[in-house]
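So this block is entry38.cif, mmCIF, N, CA and C atoms and all ligand atoms:
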```
data_upload
#
loop_
_atom_site.label_atom_id
_atom_site.label_comp_id
_atom_site.auth_asym_id
_atom_site.auth_seq_id
_atom_site.Cartn_x
_atom_site.Cartn_y
_atom_site.Cartn_z
N MET A 1 0.84 -1.20 0.00
CA MET A 1 0.00 0.00 0.00
C MET A 1 0.87 1.25 0.00
N ASN A 2 0.52 2.18 -0.85
CA ASN A 2 1.29 3.41 -0.89
C ASN A 2 0.44 4.59 -0.42
N LEU A 3 1.00 5.33 0.46
CA LEU A 3 0.31 6.53 0.92
C LEU A 3 0.50 7.66 -0.09
N ASP A 4 -0.44 8.56 -0.05
CA ASP A 4 -0.33 9.75 -0.88
C ASP A 4 0.89 10.57 -0.44
N PRO A 5 1.81 10.86 -1.35
CA PRO A 5 3.01 11.64 -0.96
C PRO A 5 2.65 12.98 -0.33
N LEU A 6 1.53 13.55 -0.76
CA LEU A 6 1.11 14.82 -0.17
C LEU A 6 0.72 14.64 1.29
N LEU A 7 0.15 13.48 1.58
CA LEU A 7 -0.23 13.20 2.97
C LEU A 7 1.03 13.02 3.82
N LEU A 8 1.98 12.26 3.30
CA LEU A 8 3.24 12.08 4.03
C LEU A 8 3.92 13.43 4.28
N ASP A 9 3.74 14.33 3.32
CA ASP A 9 4.35 15.64 3.42
C ASP A 9 3.83 16.45 4.61
N VAL A 10 2.56 16.31 4.91
CA VAL A 10 1.98 17.11 5.99
C VAL A 10 2.03 16.40 7.33
N LEU A 11 2.32 15.11 7.31
CA LEU A 11 2.41 14.39 8.57
C LEU A 11 3.71 14.70 9.28
N ALA A 12 3.66 14.68 10.60
CA ALA A 12 4.88 14.83 11.38
C ALA A 12 4.79 13.91 12.58
N CYS A 13 5.93 13.43 13.01
CA CYS A 13 5.99 12.57 14.18
C CYS A 13 5.58 13.38 15.41
N PRO A 14 4.88 12.75 16.36
CA PRO A 14 4.56 13.45 17.60
C PRO A 14 5.74 13.61 18.56
N CYS A 15 6.90 13.18 18.16
CA CYS A 15 8.06 13.35 19.03
C CYS A 15 8.38 14.85 19.16
N PRO A 16 9.18 15.23 20.18
CA PRO A 16 9.37 16.67 20.47
C PRO A 16 9.87 17.49 19.28
N ARG A 17 10.59 16.88 18.37
CA ARG A 17 11.11 17.63 17.22
C ARG A 17 10.13 17.70 16.07
N HIS A 18 9.02 16.95 16.15
CA HIS A 18 8.03 16.90 15.07
C HIS A 18 8.71 16.68 13.72
N ALA A 19 9.50 15.66 13.69
CA ALA A 19 10.30 15.36 12.51
C ALA A 19 9.42 14.84 11.37
N PRO A 20 9.87 15.04 10.14
CA PRO A 20 9.14 14.48 8.99
C PRO A 20 9.18 12.96 9.00
N VAL A 21 8.20 12.37 8.34
CA VAL A 21 8.09 10.92 8.31
C VAL A 21 8.12 10.41 6.87
N SER A 22 8.40 9.12 6.73
CA SER A 22 8.32 8.49 5.42
C SER A 22 7.63 7.14 5.59
N GLU A 23 7.27 6.53 4.47
CA GLU A 23 6.64 5.22 4.53
C GLU A 23 7.66 4.13 4.31
N GLN A 24 7.63 3.14 5.18
CA GLN A 24 8.55 2.01 5.07
C GLN A 24 7.85 0.74 5.48
N ASP A 25 7.83 -0.24 4.60
CA ASP A 25 7.28 -1.55 4.93
C ASP A 25 5.88 -1.47 5.54
N GLY A 26 5.04 -0.65 4.96
CA GLY A 26 3.66 -0.61 5.41
C GLY A 26 3.45 0.13 6.71
N ALA A 27 4.44 0.90 7.12
CA ALA A 27 4.29 1.71 8.32
C ALA A 27 4.85 3.10 8.03
N VAL A 28 4.46 4.04 8.85
CA VAL A 28 5.01 5.39 8.75
C VAL A 28 6.14 5.49 9.77
N VAL A 29 7.32 5.88 9.30
CA VAL A 29 8.51 5.87 10.14
C VAL A 29 9.06 7.29 10.28
N CYS A 30 9.34 7.69 11.51
CA CYS A 30 9.91 9.00 11.76
C CYS A 30 11.36 9.04 11.31
N SER A 31 11.75 10.13 10.66
CA SER A 31 13.11 10.24 10.17
C SER A 31 14.10 10.55 11.29
N LEU A 32 13.58 10.95 12.44
CA LEU A 32 14.47 11.31 13.55
C LEU A 32 14.53 10.20 14.61
N CYS A 33 13.40 9.89 15.22
CA CYS A 33 13.43 8.92 16.33
C CYS A 33 13.18 7.49 15.85
N GLN A 34 12.85 7.31 14.56
CA GLN A 34 12.66 5.98 13.96
C GLN A 34 11.44 5.26 14.52
N ALA A 35 10.57 5.96 15.21
CA ALA A 35 9.34 5.33 15.67
C ALA A 35 8.50 4.93 14.46
N GLN A 36 7.78 3.81 14.60
CA GLN A 36 6.94 3.33 13.51
C GLN A 36 5.47 3.44 13.90
N PHE A 37 4.69 4.00 13.00
CA PHE A 37 3.26 4.17 13.23
C PHE A 37 2.50 3.29 12.25
N PRO A 38 1.51 2.56 12.75
CA PRO A 38 0.76 1.66 11.86
C PRO A 38 -0.10 2.44 10.86
N ILE A 39 -0.39 1.79 9.74
CA ILE A 39 -1.32 2.34 8.76
C ILE A 39 -2.54 1.44 8.74
N ARG A 40 -3.69 2.02 9.09
CA ARG A 40 -4.92 1.23 9.14
C ARG A 40 -5.90 1.76 8.10
N ASP A 41 -6.34 0.85 7.22
CA ASP A 41 -7.27 1.24 6.15
C ASP A 41 -6.75 2.44 5.37
N GLY A 42 -5.43 2.47 5.17
CA GLY A 42 -4.85 3.55 4.39
C GLY A 42 -4.65 4.84 5.14
N ILE A 43 -4.98 4.83 6.43
CA ILE A 43 -4.84 6.04 7.23
C ILE A 43 -3.72 5.84 8.25
N PRO A 44 -2.69 6.66 8.22
CA PRO A 44 -1.63 6.54 9.22
C PRO A 44 -2.16 6.90 10.61
N VAL A 45 -1.82 6.07 11.57
CA VAL A 45 -2.25 6.29 12.95
C VAL A 45 -1.09 6.95 13.70
N MET A 46 -1.13 8.29 13.77
CA MET A 46 -0.01 9.03 14.33
C MET A 46 -0.22 9.26 15.83
N LEU A 47 -0.40 8.17 16.55
CA LEU A 47 -0.62 8.25 17.99
C LEU A 47 0.54 7.60 18.72
N ILE A 48 1.02 8.27 19.74
CA ILE A 48 2.17 7.77 20.48
C ILE A 48 1.89 6.39 21.06
N ASP A 49 0.68 6.21 21.60
CA ASP A 49 0.41 4.92 22.25
C ASP A 49 0.16 3.79 21.26
N GLN A 50 0.12 4.11 19.96
CA GLN A 50 -0.01 3.07 18.93
C GLN A 50 1.33 2.81 18.24
N ALA A 51 2.32 3.59 18.57
CA ALA A 51 3.59 3.52 17.85
C ALA A 51 4.51 2.47 18.42
N THR A 52 5.38 1.98 17.54
CA THR A 52 6.49 1.14 17.98
C THR A 52 7.70 2.04 18.13
N PRO A 53 8.23 2.18 19.34
CA PRO A 53 9.35 3.10 19.54
C PRO A 53 10.57 2.69 18.74
N GLY A 54 11.34 3.67 18.33
CA GLY A 54 12.58 3.40 17.62
C GLY A 54 13.68 2.98 18.58
N PRO A 55 14.86 2.69 18.01
CA PRO A 55 15.98 2.18 18.82
C PRO A 55 16.46 3.18 19.87
N SER A 56 16.18 4.45 19.67
CA SER A 56 16.69 5.44 20.61
C SER A 56 15.74 5.66 21.78
N GLY A 57 14.64 4.94 21.82
CA GLY A 57 13.79 5.03 23.00
C GLY A 57 12.34 5.35 22.70
N VAL A 58 11.69 5.86 23.68
CA VAL A 58 10.24 6.06 23.64
C VAL A 58 9.90 7.24 22.74
N VAL A 59 8.81 7.11 22.05
CA VAL A 59 8.32 8.16 21.17
C VAL A 59 7.72 9.30 21.99
N GLY A 60 7.97 10.49 21.54
CA GLY A 60 7.19 11.61 22.03
C GLY A 60 7.42 12.02 23.47
N VAL A 61 8.54 11.62 24.03
CA VAL A 61 8.84 12.03 25.40
C VAL A 61 9.05 13.55 25.43
N ALA A 62 8.37 14.19 26.34
CA ALA A 62 8.47 15.65 26.42
C ALA A 62 9.88 16.06 26.85
N ASP A 63 10.36 17.09 26.23
CA ASP A 63 11.68 17.62 26.59
C ASP A 63 11.50 18.65 27.69
N ASN A 64 11.82 18.25 28.90
CA ASN A 64 11.59 19.11 30.05
C ASN A 64 12.79 19.97 30.41
N SER A 65 13.83 19.88 29.63
CA SER A 65 15.05 20.62 29.99
C SER A 65 14.89 22.10 29.71
ZN ZN B 1 9.88 11.05 15.92
#
```

Transcribe the structure of this file into structure tokens.
Amino acid sequence: MNLDPLLLDVLACPCPRHAPVSEQDGAVVCSLCQAQFPIRDGIPVMLIDQATPGPSGVVGVADNS
């Protein structure tokens, strides 16, 4: 399944940097934290609690510094 490139363009990861995302292997993947978001019925689910965290840790942790 391919997402509309225009849709990918406006999507952003919920992580603190709101990094751009791309589609990889049927999921939406953040270019920064590598979190993966599922695509259901062609709609990316950009929710932190639905995401698979990337190797660098938990998605969307607030930067309190
Ligand atoms: Zn991210």

Would you list the residues that come within 7 Å of ligand ZN 1 (chain B)? Count only C-alpha atoms and all ligand atoms and give the answer as a list in words.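 Written in the requested form, the residues are Cys13, Pro14, Cys15, Arg17, His18, Ala19, Cys30, Ser31, Leu32, Cys33, Gln34, Ala35, Val59 and Gly60 of chain A.
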
What separation in Å, quoted to one decimal, exists between CA of Gln24 in chain A and atom C of Leu47 in chain A? 16.8 Å

I'd like to know which of A:Met46, A:Val10, A:Ile39, A:Ala51 is closest to Gly26 in chain A, using only N, CA and C atoms.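 That would be A:Ile39, the residue with the smallest distance to Gly26 in chain A.
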
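Considering only C-alpha atoms, the residue among A:Arg40, A:Thr52, A:Gly57, A:Val21 positioned nearest to Pro5 in chain A is A:Val21.
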
Between atom C of Gln50 in chain A and atom C of Asp4 in chain A, what is the spacing in Å?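 Value for the atom C of Asp4 in chain A-atom C of Gln50 in chain A distance: 20.2 Å.
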
Point-to-point distance from atom N of Asn2 in chain A to atom C of Glu23 in chain A, Å rounded to tenths: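 If I compute the distance from atom N of Asn2 in chain A to atom C of Glu23 in chain A, I get 9.0 Å.
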
May I have all residues of chain A that DSSP, computed from the backbone, assigns to strand (DSSP E or B), given as JSON, numbers by chain? {"A": [12, 20, 21, 22, 23, 24, 27, 28, 29, 30, 36, 37, 38, 39, 40, 43, 44, 52, 54, 57]}

Could you pull out the residues in chain A that DSSP calls alpha helix (DSSP H) from the backbone, as a PyMOL selection string? chain A and resi 5-10

Taking into account only C-alpha atoms, which residue in the set A:Leu11, A:Leu6, A:Gly54, A:Pro20 is nearest to Gln36 in chain A?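 Smallest distance to Gln36 in chain A is found for A:Gly54.
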